[in-house]
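Peer 1: Please find final-v6.cif (mmCIF, C-alpha atoms and all ligand atoms) on the next line:
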```cif
data_entry
loop_
_atom_site.label_atom_id
_atom_site.label_comp_id
_atom_site.auth_asym_id
_atom_site.auth_seq_id
_atom_site.Cartn_x
_atom_site.Cartn_y
_atom_site.Cartn_z
CA MET A 8 21.15 2.24 28.13
CA GLN A 9 21.73 5.86 27.14
CA LEU A 10 21.66 7.29 23.64
CA ARG A 11 24.10 10.09 22.87
CA SER A 12 21.43 12.61 21.86
CA GLY A 13 18.21 10.86 22.82
CA LEU A 14 15.55 9.56 20.47
CA PHE A 15 12.30 11.39 19.92
CA ILE A 16 9.40 9.15 18.81
CA THR A 17 5.86 10.39 18.25
CA LEU A 18 2.66 8.39 17.91
CA GLU A 19 0.06 9.86 15.59
CA GLY A 20 -3.33 9.06 14.12
CA GLY A 21 -7.03 9.74 14.46
CA GLU A 22 -9.28 9.15 17.45
CA GLY A 23 -9.10 5.79 19.22
CA VAL A 24 -6.48 4.23 16.93
CA GLY A 25 -4.60 2.82 19.93
CA LYS A 26 -1.84 5.37 20.57
CA THR A 27 -2.14 5.31 24.36
CA THR A 28 -2.21 1.50 24.41
CA GLN A 29 0.82 1.29 22.12
CA GLN A 30 2.73 3.97 24.02
CA ALA A 31 2.57 1.83 27.18
CA LEU A 32 3.56 -1.36 25.31
CA LEU A 33 6.47 0.37 23.55
CA ALA A 34 7.71 1.95 26.78
CA GLY A 35 7.61 -1.46 28.48
CA ARG A 36 9.62 -2.99 25.65
CA LEU A 37 12.17 -0.18 25.64
CA GLN A 38 12.63 -0.44 29.40
CA LYS A 39 13.08 -4.20 29.13
CA GLU A 40 15.86 -3.55 26.60
CA GLY A 41 17.51 -1.18 29.10
CA TYR A 42 16.49 2.21 27.70
CA THR A 43 15.28 5.05 29.91
CA CYS A 44 12.02 6.29 28.56
CA LEU A 45 9.83 9.39 28.99
CA CYS A 46 6.17 8.78 28.11
CA THR A 47 4.34 12.01 27.53
CA ARG A 48 1.49 13.48 25.50
CA GLU A 49 -0.01 16.53 23.88
CA PRO A 50 -2.02 18.32 24.89
CA GLY A 51 -1.37 17.95 28.61
CA GLY A 52 2.26 16.91 29.13
CA THR A 53 2.93 19.65 31.71
CA VAL A 54 1.08 21.33 34.58
CA LEU A 55 0.17 24.25 32.30
CA GLY A 56 -0.67 21.75 29.57
CA GLN A 57 -3.18 19.93 31.78
CA LYS A 58 -5.08 23.19 32.25
CA LEU A 59 -4.94 23.90 28.51
CA ARG A 60 -6.08 20.33 27.78
CA ALA A 61 -9.21 20.82 29.89
CA LEU A 62 -10.00 24.05 28.02
CA LEU A 63 -9.24 22.55 24.61
CA LEU A 64 -11.11 19.27 24.97
CA HIS A 65 -13.88 19.98 27.44
CA GLY A 66 -14.32 23.77 27.58
CA ASP A 67 -16.57 26.15 25.64
CA PRO A 68 -16.26 26.29 21.84
CA ILE A 69 -13.03 27.96 20.65
CA GLU A 70 -12.32 29.72 17.34
CA PRO A 71 -9.93 27.67 15.11
CA LEU A 72 -7.11 30.25 15.27
CA ALA A 73 -7.36 30.54 19.05
CA GLU A 74 -7.42 26.73 19.25
CA LEU A 75 -4.23 26.54 17.14
CA LEU A 76 -2.46 29.00 19.42
CA LEU A 77 -3.51 27.15 22.58
CA TYR A 78 -2.09 23.90 21.19
CA ALA A 79 1.09 25.86 20.37
CA ALA A 80 1.29 27.23 23.94
CA ASP A 81 0.92 23.70 25.31
CA ARG A 82 3.70 22.53 22.96
CA ALA A 83 6.14 25.36 23.69
CA GLU A 84 5.95 24.64 27.43
CA HIS A 85 6.18 20.90 26.83
CA VAL A 86 9.21 21.05 24.53
CA GLN A 87 11.15 23.40 26.78
CA THR A 88 10.41 21.84 30.16
CA ARG A 89 10.09 18.11 29.41
CA ILE A 90 11.13 16.96 25.94
CA HIS A 91 14.42 18.84 25.53
CA PRO A 92 15.71 17.91 29.02
CA ALA A 93 14.87 14.22 28.46
CA LEU A 94 16.59 14.14 25.07
CA ALA A 95 19.61 15.94 26.50
CA ALA A 96 19.81 13.20 29.14
CA GLY A 97 19.92 10.55 26.37
CA GLN A 98 16.41 9.21 26.97
CA VAL A 99 13.88 7.85 24.49
CA VAL A 100 10.90 10.22 24.47
CA VAL A 101 7.63 8.59 23.37
CA CYS A 102 5.05 11.30 22.82
CA ASP A 103 1.35 10.67 22.16
CA ARG A 104 0.64 13.29 19.44
CA PHE A 105 2.84 16.20 18.35
CA THR A 106 3.03 18.64 15.41
CA ASP A 107 1.47 16.28 12.84
CA SER A 108 -1.74 16.25 14.88
CA THR A 109 -1.93 20.03 14.51
CA LEU A 110 -1.50 19.79 10.75
CA ALA A 111 -4.12 17.04 10.54
CA TYR A 112 -6.73 18.42 12.97
CA GLN A 113 -6.37 22.19 12.69
CA GLY A 114 -5.27 22.09 9.04
CA TYR A 115 -7.08 19.28 7.22
CA GLY A 116 -9.85 19.10 9.84
CA ARG A 117 -10.58 22.75 10.69
CA GLY A 118 -9.35 24.19 7.39
CA LEU A 119 -6.59 26.51 8.68
CA ASP A 120 -3.76 27.26 6.26
CA LEU A 121 -1.10 24.51 6.40
CA ASN A 122 1.79 26.94 5.94
CA LEU A 123 0.57 29.08 8.82
CA ILE A 124 0.39 25.93 10.99
CA ARG A 125 3.93 24.94 9.97
CA GLN A 126 5.19 28.40 11.02
CA VAL A 127 3.38 28.19 14.37
CA ASN A 128 4.72 24.66 14.90
CA GLN A 129 8.27 25.86 14.20
CA LEU A 130 7.88 28.71 16.66
CA ALA A 131 6.47 26.46 19.38
CA THR A 132 9.09 23.72 18.97
CA GLY A 133 12.13 25.86 18.16
CA ASN A 134 12.38 23.59 15.08
CA LEU A 135 12.52 20.35 17.09
CA GLN A 136 11.31 17.49 14.89
CA PRO A 137 10.63 13.88 15.89
CA HIS A 138 13.30 11.43 14.75
CA LEU A 139 10.57 8.89 14.09
CA THR A 140 6.81 9.24 13.79
CA LEU A 141 4.59 6.16 13.94
CA TRP A 142 1.30 6.82 12.17
CA LEU A 143 -1.25 4.30 13.44
CA ASP A 144 -3.40 3.78 10.39
CA LEU A 145 -6.98 2.76 11.17
CA PRO A 146 -10.12 3.75 9.21
CA PRO A 147 -11.87 6.55 11.16
CA GLN A 148 -15.07 4.55 11.71
CA LEU A 149 -13.11 1.81 13.49
CA GLY A 150 -11.14 4.26 15.62
CA LEU A 151 -14.29 6.10 16.70
CA LYS A 152 -15.88 2.77 17.56
CA ARG A 153 -12.90 1.90 19.76
CA ALA A 154 -12.95 5.37 21.37
CA CYS A 155 -16.69 5.02 22.08
CA SER A 156 -16.26 1.57 23.62
CA ARG A 157 -13.66 3.08 25.97
CA THR A 158 -16.09 5.78 27.22
CA THR A 159 -19.04 3.39 27.49
CA SER A 160 -19.64 1.34 30.61
CA PRO A 161 -20.39 -2.39 30.28
CA ALA A 162 -23.94 -1.56 31.38
CA GLY A 163 -24.49 0.47 28.23
CA PRO A 164 -24.71 4.25 28.62
CA ALA A 165 -21.61 6.36 28.12
CA SER A 166 -19.93 7.09 31.45
CA LEU A 167 -18.20 10.15 29.99
CA PRO A 168 -19.26 12.21 27.00
CA GLY A 169 -16.66 12.06 24.20
CA ASP A 170 -14.37 15.07 23.94
CA ARG A 171 -14.88 17.94 21.49
CA MET A 172 -12.98 16.21 18.68
CA GLU A 173 -14.64 12.80 19.15
CA GLN A 174 -18.03 14.52 18.84
CA ALA A 175 -17.10 16.12 15.49
CA HIS A 176 -18.87 14.89 12.35
CA LEU A 177 -17.50 11.81 10.54
CA SER A 178 -16.51 13.98 7.54
CA PHE A 179 -14.10 15.87 9.87
CA HIS A 180 -12.45 12.57 10.83
CA GLN A 181 -12.27 11.52 7.18
CA ARG A 182 -10.53 14.80 6.28
CA LEU A 183 -7.92 14.39 8.97
CA TYR A 184 -7.40 10.74 7.97
CA GLN A 185 -6.62 12.00 4.47
CA GLY A 186 -4.31 14.54 6.11
CA PHE A 187 -2.28 11.84 7.85
CA GLN A 188 -2.05 9.93 4.56
CA GLU A 189 -0.67 13.00 2.78
CA LEU A 190 1.74 13.87 5.59
CA ALA A 191 3.10 10.31 5.60
CA ALA A 192 3.51 10.32 1.82
CA ALA A 193 5.37 13.66 1.96
CA GLU A 194 7.88 12.54 4.63
CA PRO A 195 8.46 8.80 4.23
CA GLN A 196 11.85 8.95 6.01
CA ARG A 197 10.31 10.22 9.23
CA ILE A 198 6.69 9.05 9.19
CA VAL A 199 6.18 5.29 9.14
CA ARG A 200 2.71 3.86 8.57
CA ILE A 201 1.73 1.16 11.02
CA ASP A 202 -1.30 -1.02 10.31
CA ALA A 203 -3.35 -0.50 13.51
CA GLN A 204 -5.79 -3.34 12.86
CA GLY A 205 -5.42 -6.57 14.79
CA SER A 206 -4.79 -7.20 18.47
CA PRO A 207 -2.77 -4.71 20.59
CA GLN A 208 0.04 -7.29 20.73
CA GLU A 209 0.12 -7.67 16.93
CA VAL A 210 0.30 -3.91 16.47
CA ALA A 211 3.01 -3.68 19.16
CA GLU A 212 5.15 -6.21 17.25
CA ARG A 213 4.87 -4.11 14.06
CA ILE A 214 5.91 -1.02 16.01
CA TRP A 215 8.80 -2.77 17.72
CA ALA A 216 10.20 -3.96 14.38
CA VAL A 217 10.38 -0.33 13.20
CA VAL A 218 11.75 1.08 16.48
CA LYS A 219 14.34 -1.69 16.82
CA SER A 220 15.64 -0.95 13.35
CA ARG A 221 15.76 2.81 14.14
CA LEU A 222 17.69 2.12 17.37
CA ALA A 223 20.16 -0.06 15.45
CA GLN A 224 20.99 2.97 13.26
CA GLY A 225 22.30 4.69 16.43
N1 LIG B 301 -5.40 17.60 19.05
C1 LIG B 301 -4.19 17.30 19.62
C2 LIG B 301 -5.52 18.61 18.11
O1 LIG B 301 -6.61 18.90 17.62
N2 LIG B 301 -4.39 19.31 17.74
C3 LIG B 301 -3.16 19.06 18.29
O2 LIG B 301 -2.18 19.74 17.94
C4 LIG B 301 -3.06 18.00 19.26
C5 LIG B 301 -1.73 17.69 19.88
C6 LIG B 301 -6.36 14.77 22.18
C7 LIG B 301 -7.25 15.51 21.21
O3 LIG B 301 -6.59 16.72 20.87
C8 LIG B 301 -6.60 16.87 19.48
C9 LIG B 301 -6.70 15.49 18.92
C10 LIG B 301 -7.50 14.74 19.95
O4 LIG B 301 -8.85 14.84 19.62
P1 LIG B 301 -6.44 12.48 23.28
O5 LIG B 301 -7.43 11.93 24.24
O6 LIG B 301 -5.07 12.67 23.76
O7 LIG B 301 -7.09 13.81 22.77
O8 LIG B 301 -6.33 11.69 21.91
P2 LIG B 301 -7.25 10.60 21.35
O9 LIG B 301 -6.83 10.21 20.02
O10 LIG B 301 -8.67 11.04 21.47
O11 LIG B 301 -6.90 9.45 22.35
P3 LIG B 301 -7.75 8.20 22.54
O12 LIG B 301 -7.42 7.76 23.93
O13 LIG B 301 -9.17 8.37 22.16
O14 LIG B 301 -7.18 7.21 21.47
P4 LIG B 301 -5.88 6.40 21.43
O15 LIG B 301 -4.92 6.80 22.51
O16 LIG B 301 -5.38 6.42 20.06
O17 LIG B 301 -6.41 4.92 21.72
P5 LIG B 301 -6.38 4.04 23.04
O18 LIG B 301 -5.12 3.33 23.18
O19 LIG B 301 -6.87 4.85 24.19
O20 LIG B 301 -7.49 2.97 22.63
C11 LIG B 301 -8.85 3.32 22.50
C12 LIG B 301 -9.70 2.09 22.90
O21 LIG B 301 -9.43 1.04 22.00
C13 LIG B 301 -8.91 -0.10 22.68
C14 LIG B 301 -8.38 0.41 24.03
O22 LIG B 301 -8.42 -0.57 25.01
C15 LIG B 301 -9.37 1.54 24.30
O23 LIG B 301 -10.55 1.04 24.87
N3 LIG B 301 -7.84 -0.63 21.83
C16 LIG B 301 -8.02 -1.67 21.00
N4 LIG B 301 -9.11 -2.43 20.74
C17 LIG B 301 -8.96 -3.40 19.80
N5 LIG B 301 -7.78 -3.64 19.14
C18 LIG B 301 -6.67 -2.91 19.38
N6 LIG B 301 -5.54 -3.15 18.73
C19 LIG B 301 -6.79 -1.86 20.35
N7 LIG B 301 -5.90 -0.94 20.81
C20 LIG B 301 -6.57 -0.21 21.71
#
```
Show how you would write the structure in this file as C-alpha cells.

Peer 2:
Amino acid sequence: MQLRSGLFITLEGGEGVGKTTQQALLAGRLQKEGYTCLCTREPGGTVLGQKLRALLLHGDPIEPLAELLLYAADRAEHVQTRIHPALAAGQVVVCDRFTDSTLAYQGYGRGLDLNLIRQVNQLATGNLQPHLTLWLDLPPQLGLKRACSRTTSPAGPASLPGDRMEQAHLSFHQRLYQGFQELAAAEPQRIVRIDAQGSPQEVAERIWAVVKSRLAQG
C-alpha cells in the first residue's frame, strides 16, 4: 500500500528504552498491513553516517559544539539521500532517533542553547519534520539497566563497553529525560508518549494503536 506523500515516524527516548526492538516490531506490522517501510536510524543511516557514528559514539572525546555539528552532518546526508526519496515514493519511514534526540542530548544533556540547536536542526533537515514522534517513556535507571543487560554476556562481564552516552553520569540521563518530557508537552500533536514498561509485545500494541489511528487520518 502506498501513501500519497509518505509517512515519517520517529522513535525517541533515552538509552535502552526499546526503540530498536519496537522499530522492528512496528515495521513487521506495517509490512503485514501492506505498507512499504524504510527502517533507518541516526546516527548511522548512510555510509557517511556509519563513519560519523563510530566517531561520535566510540571515538575520542568531542567538544559539545563539534558534536552537534557532526550529528547535523549525519542528518543532512540522511535526509537528502534516504528519507526524502523514501517519502517521495510513498513509503512509511520509521527512524530510530531524529531531531528531538539532538534537543534532548545536546541541549538538555550537554547544555547547548536550544534555539541554536533548533536552527542547526532546520538547516540539516531543510525543515523536514516527522509527522509522528513516538516518545518511549521509561525512567532512565530502567533504560540503562536494559542497555547494560544487552552489552553483558550471560557469563557476566560486559562483552562491549557501553558507548559514550551510556557511560555518562545518571544526572545527564535525568536531564535528558526531563528534556523529552518538556518536548512532548510543547508539541502534543506530533509527539505521543508511549509507556515503555511491560513486555515488548505490550509496548508494540500501544504503539500500533497510535500508528493505526494516524494512518486512518490519511
Ligand atoms: N544521539 C543521537 C545524540 O546525542 N544526539 C543526536 O542527535 C542523536 C541522533 C545513539 C546515541 O547517539 C546519541 C543518543 C545515543 O546515545 P543508539 O545505540 O542508536 O545510540 O541509541 P540507544 O538509545 O543507545 O540505543 P539502544 O540500542 O541502547 O536502546 P534502544 O534501541 O532504545 O533499546 P533496544 O531495543 O536495543 O533494547 C535494549 C535492551 O532491552 C531489551 C532488548 O532486548 C535489549 O536487550 N528490551 C526489553 N527488555 C524488557 N522489556 C522490554 N519491553 C524491552 N524492550 C527491549

Peer 1: Kindly work out which residues sit at most 6 Å from ligand LIG 301 (chain B), using only C-alpha atoms and all ligand atoms, and give the list as a short mmCIF file (atom, residue, chain, number, x, y, z; two decimals) with C-alpha atoms, in the frame of the given file.

Peer 2:
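So pocket-v2.cif came out as:
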```
data_model
loop_
_atom_site.label_atom_id
_atom_site.label_comp_id
_atom_site.auth_asym_id
_atom_site.auth_seq_id
_atom_site.Cartn_x
_atom_site.Cartn_y
_atom_site.Cartn_z
CA GLY A 21 -7.03 9.74 14.46
CA GLU A 22 -9.28 9.15 17.45
CA GLY A 23 -9.10 5.79 19.22
CA VAL A 24 -6.48 4.23 16.93
CA GLY A 25 -4.60 2.82 19.93
CA LYS A 26 -1.84 5.37 20.57
CA THR A 27 -2.14 5.31 24.36
CA THR A 28 -2.21 1.50 24.41
CA GLU A 49 -0.01 16.53 23.88
CA PRO A 50 -2.02 18.32 24.89
CA TYR A 78 -2.09 23.90 21.19
CA ARG A 104 0.64 13.29 19.44
CA PHE A 105 2.84 16.20 18.35
CA THR A 106 3.03 18.64 15.41
CA SER A 108 -1.74 16.25 14.88
CA THR A 109 -1.93 20.03 14.51
CA TYR A 112 -6.73 18.42 12.97
CA GLN A 113 -6.37 22.19 12.69
CA ARG A 153 -12.90 1.90 19.76
CA ALA A 154 -12.95 5.37 21.37
CA SER A 156 -16.26 1.57 23.62
CA ARG A 157 -13.66 3.08 25.97
CA MET A 172 -12.98 16.21 18.68
CA GLN A 204 -5.79 -3.34 12.86
CA GLY A 205 -5.42 -6.57 14.79
CA SER A 206 -4.79 -7.20 18.47
CA PRO A 207 -2.77 -4.71 20.59
#
```

Peer 1: If I take atom CA of Val127 of chain A and atom CA of Asp107 of chain A, how far is one from the other in Å, to one decimal?

Peer 2: 12.2 Å

Peer 1: With only C-alpha atoms as the atoms that count, which of A:Trp215, A:Phe15, A:Phe187, A:Tyr42 lies nearest to Asp144 of chain A?

Peer 2: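 Distance minimum relative to Asp144 of chain A lands on A:Phe187.
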
Peer 1: Could you name the residues that touch Ala34 of chain A at 8 Å or less, counting all atoms listed in the file, but leaving out those on the same chain fewer than 3 positions away, as a count of residues only?

Peer 2: 7

Peer 1: If you count only C-alpha atoms, which residues fall within 7 Å of Gln98 of chain A, apart from same-chain ones fewer than 6 positions away, as a JSON list (two decimals) with C-alpha atoms, in the coordinates of the input?

Peer 2:
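Written file, out-v2.json:
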```json
[["chain", "number", "residue", "atom", "x", "y", "z"],
["A", 9, "GLN", "CA", 21.73, 5.86, 27.14],
["A", 10, "LEU", "CA", 21.66, 7.29, 23.64],
["A", 13, "GLY", "CA", 18.21, 10.86, 22.82],
["A", 14, "LEU", "CA", 15.55, 9.56, 20.47],
["A", 43, "THR", "CA", 15.28, 5.05, 29.91],
["A", 44, "CYS", "CA", 12.02, 6.29, 28.56],
["A", 45, "LEU", "CA", 9.83, 9.39, 28.99]]
```

Peer 1: So which residues touch Glu84 of chain A within 9 Å, counting all atoms listed in the file, skipping near sequence neighbours fewer than 5 positions away, as a PyMOL selection string?

Peer 2: chain A and resi 52-53+55-56+79+89+131

Peer 1: Fewer than 4 positions away in the same chain doesn't count, so skip those; otherwise give me all residues within 12 Å of Arg197 of chain A, counting all atoms listed in the file, as number ranges by chain.

Peer 2: A: 15-18, 107, 136-142, 190-193, 217-218, 221

Peer 1: Of the candidates A:Asp81, A:Glu19, A:Asp103, A:Glu209, which one gets nearest to Thr47 of chain A if we count all atoms listed in the file?

Peer 2: A:Asp103

Peer 1: Tell me which protein, DNA and RNA residues are within 12 Å of Gln126 of chain A, counting all atoms listed in the file, leaving out same-chain ones fewer than 3 positions away, and put them as an MDAnalysis selection string.

Peer 2: chainID A and resid 75:76 79 106 109:110 120:123 129:134

Peer 1: As an exercise, work out the distance from atom CA of Ala111 of chain A to atom CA of Leu183 of chain A in Å and give it to one decimal place.

Peer 2: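 Distance between the two atoms: 4.9 Å.
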
Peer 1: When distances are computed from all atoms listed in the file, which of A:Leu77, A:Ala211, A:Leu72, A:Ala216 shows the smallest separation from Arg60 of chain A?

Peer 2: A:Leu77

Peer 1: For a cutoff of 9 Å around the file-coordinate point (-17.2, 19.2, 26.0), which residues qualify once you count all atoms listed in the file? I'd like the result as a PyMOL selection string.

Peer 2: chain A and resi 62-68+168-172+174

Peer 1: One number please: atom CA of Arg213 of chain A to atom CA of Ala96 of chain A, in Å, one decimal.

Peer 2: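 Taking atom CA of Arg213 of chain A as the start and atom CA of Ala96 of chain A as the end point, the length is 27.4 Å.
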
Peer 1: Of the candidates A:Lys58, A:His91, A:Arg117, A:His85, which one gets nearest to Ala73 of chain A if we count all atoms listed in the file?

Peer 2: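 Once distances to Ala73 of chain A are computed over all atoms listed in the file, the minimum belongs to A:Arg117.
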